[in-house]
Amino acid sequence: MIEKKYKVPIRNLFCILCYVHEMPEVVSALNSKDEDLPQLHLLAKLFIEETDHIMMRGLMKDYHERDEETNQLSGKILFEQSLNQIIQKKPSLVCEKDQFDEDILINQILKATLNTLLKIEELPKNQKIKISMQLKKLHHVSAINLFRKIFYMIRLNRNKIYYQKMLLLARFIYELNNLSDEDGTFDLIAILNDERKMQIIFEKFILNFYRLEQQQFLSKIERMKWRMFGGNLAIIPEMKTDISLIDRVNKEKIIIDAKYYADIFSKSFNADKIRSTHLYQLFTYLNHSSDIYLTRGILIYPTNGVKVDEIYNISIQVGIEIQQSTIRIFTLDLNQKWQDIYNQMFVLLK
């Protein structure tokens, strides 16, 4: 059986990730140039600006372990590392101490990325001057070599969330800068065929796109109540939508169920059929929606060799009335120009 692969340009993947991380302004900057790959000098400009923002807010500090040869005992004595001092009868030992400062991994990634950019010959002189000035402010942060796995070691909590944009740019700069390595791989592309990860990314991209790019609808994850009574309701699972778009002025709601599947169809007697569980799920959302909003549904997939755009009429209950509504099954082509994807996302709402 041939494994199906998604075709998504690197540029589009980066734009999707920018929306996931709520950075539409980065997408706008990238798409001011009509090129297949974002240029490193453009990413460098964005990274320099983001570094300035971080420095204005203040570099993150945290505790980290540091080994130090000292004649004043403190912290944890490292006997193995202290053997040489003991043998030579030196009045000192190697101790492991907890130190609270800015020399932590997240700042080391920032510094390593600036050093990477400084080595790029094509970078404009004014950018190199700015980077050199920023590096001087990071003299107390250790220099490290970047590896792909380092990016997976960072966990952003609420205090570190303002580093989010910097980390995404640093990761993308790292990947682009290493495209010419011996293996020639672009690791971010690997997530395209990880359906579990891409399911989360695809949902969040659509949710944030509509939240950031239009004002008619409120874009949110909606929690609904089951129309069930009696019995132990504690064992009933939570029902929540991927994306609910709510227009309070016109009393309209669109429920979008996003699915990231290599094959949108399942086989039934050798015929291609939309997966029944997906339709059941969306239909359940529609029938448990608000009593005051006319609700329509959209089941959206990324295009993977099959283009689908079908609208079906259905009857749903709105308050005490039965009204006509629709379910739309739609495939979004992520292999086209980003502006076409942008336009298609708005056409979907009509």
# chains A, B, ... in the order shown; residues from 1 in each chain; ligands from 1
call {"tool": "select_by_dssp", "arguments": {"residues": "region 147-258 of chain A", "states": "strand (DSSP E)", "output": "PDB file with C-alpha atoms, in the first residue's frame"}}
result
ATOM      1  CA  LEU A 218     -16.574  35.425  17.455  1.00  0.00           C
ATOM      2  CA  SER A 219     -14.238  32.442  17.042  1.00  0.00           C
ATOM      3  CA  LYS A 220     -14.090  30.122  20.052  1.00  0.00           C
ATOM      4  CA  ARG A 223     -18.721  23.590  25.308  1.00  0.00           C
ATOM      5  CA  MET A 224     -22.214  22.194  24.929  1.00  0.00           C
ATOM      6  CA  MET A 239     -18.950  17.801  24.341  1.00  0.00           C
ATOM      7  CA  LYS A 240     -16.974  20.661  22.786  1.00  0.00           C
ATOM      8  CA  ILE A 243     -14.366  25.871  16.211  1.00  0.00           C
ATOM      9  CA  SER A 244     -17.620  27.764  16.759  1.00  0.00           C
ATOM     10  CA  LEU A 245     -18.099  31.020  14.859  1.00  0.00           C
ATOM     11  CA  ILE A 246     -20.863  33.108  16.455  1.00  0.00           C
ATOM     12  CA  ASP A 247     -22.469  36.188  14.894  1.00  0.00           C
ATOM     13  CA  GLU A 252     -26.036  32.921  13.214  1.00  0.00           C
ATOM     14  CA  LYS A 253     -23.541  30.256  14.162  1.00  0.00           C
ATOM     15  CA  ILE A 254     -21.138  28.135  12.117  1.00  0.00           C
ATOM     16  CA  ILE A 255     -19.720  25.009  13.723  1.00  0.00           C
ATOM     17  CA  ILE A 256     -16.530  23.811  12.047  1.00  0.00           C
ATOM     18  CA  ASP A 257     -15.194  20.326  12.645  1.00  0.00           C
ATOM     19  CA  ALA A 258     -11.593  20.065  11.403  1.00  0.00           C
TER      20      ALA A 258
END
call {"tool": "residues_around", "arguments": {"residues": "Lys307 (chain A)", "least_positions_apart": "3", "cutoff": "10 Å", "atoms": "only C-alpha atoms", "output": "list in words"}}
result
Tyr301, Pro302, Thr303, Asn304, Glu310, Phe330, Thr331, Leu332 and Asp333 of chain A
call {"tool": "write_last_selection", "arguments": {"atoms": "N, CA and C atoms", "output": "mmCIF file, in the first residue's frame"}}
result
data_model
loop_
_atom_site.group_PDB
_atom_site.id
_atom_site.type_symbol
_atom_site.label_atom_id
_atom_site.label_comp_id
_atom_site.auth_asym_id
_atom_site.auth_seq_id
_atom_site.Cartn_x
_atom_site.Cartn_y
_atom_site.Cartn_z
ATOM 1 N N TYR A 301 -11.374 19.278 5.700
ATOM 2 C CA TYR A 301 -10.168 18.455 5.622
ATOM 3 C C TYR A 301 -9.118 19.194 4.794
ATOM 4 N N PRO A 302 -7.827 18.886 4.985
ATOM 5 C CA PRO A 302 -6.834 19.378 4.023
ATOM 6 C C PRO A 302 -6.908 18.526 2.755
ATOM 7 N N THR A 303 -6.750 19.159 1.608
ATOM 8 C CA THR A 303 -6.763 18.420 0.348
ATOM 9 C C THR A 303 -5.540 17.524 0.253
ATOM 10 N N ASN A 304 -5.764 16.269 -0.109
ATOM 11 C CA ASN A 304 -4.646 15.350 -0.336
ATOM 12 C C ASN A 304 -4.933 14.536 -1.593
ATOM 13 N N GLU A 310 -19.036 20.028 -1.138
ATOM 14 C CA GLU A 310 -20.433 19.617 -1.264
ATOM 15 C C GLU A 310 -21.248 20.221 -0.128
ATOM 16 N N PHE A 330 -15.802 20.108 2.922
ATOM 17 C CA PHE A 330 -14.894 20.961 2.153
ATOM 18 C C PHE A 330 -13.445 20.527 2.372
ATOM 19 N N THR A 331 -12.657 20.529 1.303
ATOM 20 C CA THR A 331 -11.219 20.256 1.426
ATOM 21 C C THR A 331 -10.452 21.534 1.115
ATOM 22 N N LEU A 332 -9.548 21.892 2.016
ATOM 23 C CA LEU A 332 -8.736 23.099 1.882
ATOM 24 C C LEU A 332 -7.381 22.720 1.288
ATOM 25 N N ASP A 333 -7.054 23.301 0.147
ATOM 26 C CA ASP A 333 -5.796 22.985 -0.545
ATOM 27 C C ASP A 333 -4.660 23.800 0.068
#
call {"tool": "select_by_dssp", "arguments": {"residues": "region 140-186 of chain A", "states": "alpha helix (DSSP H)", "output": "VMD selection string"}}
result
chain A and resid 148 to 151 164 to 177
call {"tool": "atom_distance", "arguments": {"atom1": "CA of Leu17 (chain A)", "atom2": "CA of Phe205 (chain A)"}}
result
7.2 Å
call {"tool": "atom_distance", "arguments": {"atom1": "CA of Phe209 (chain A)", "atom2": "CA of Phe346 (chain A)"}}
result
10.0 Å
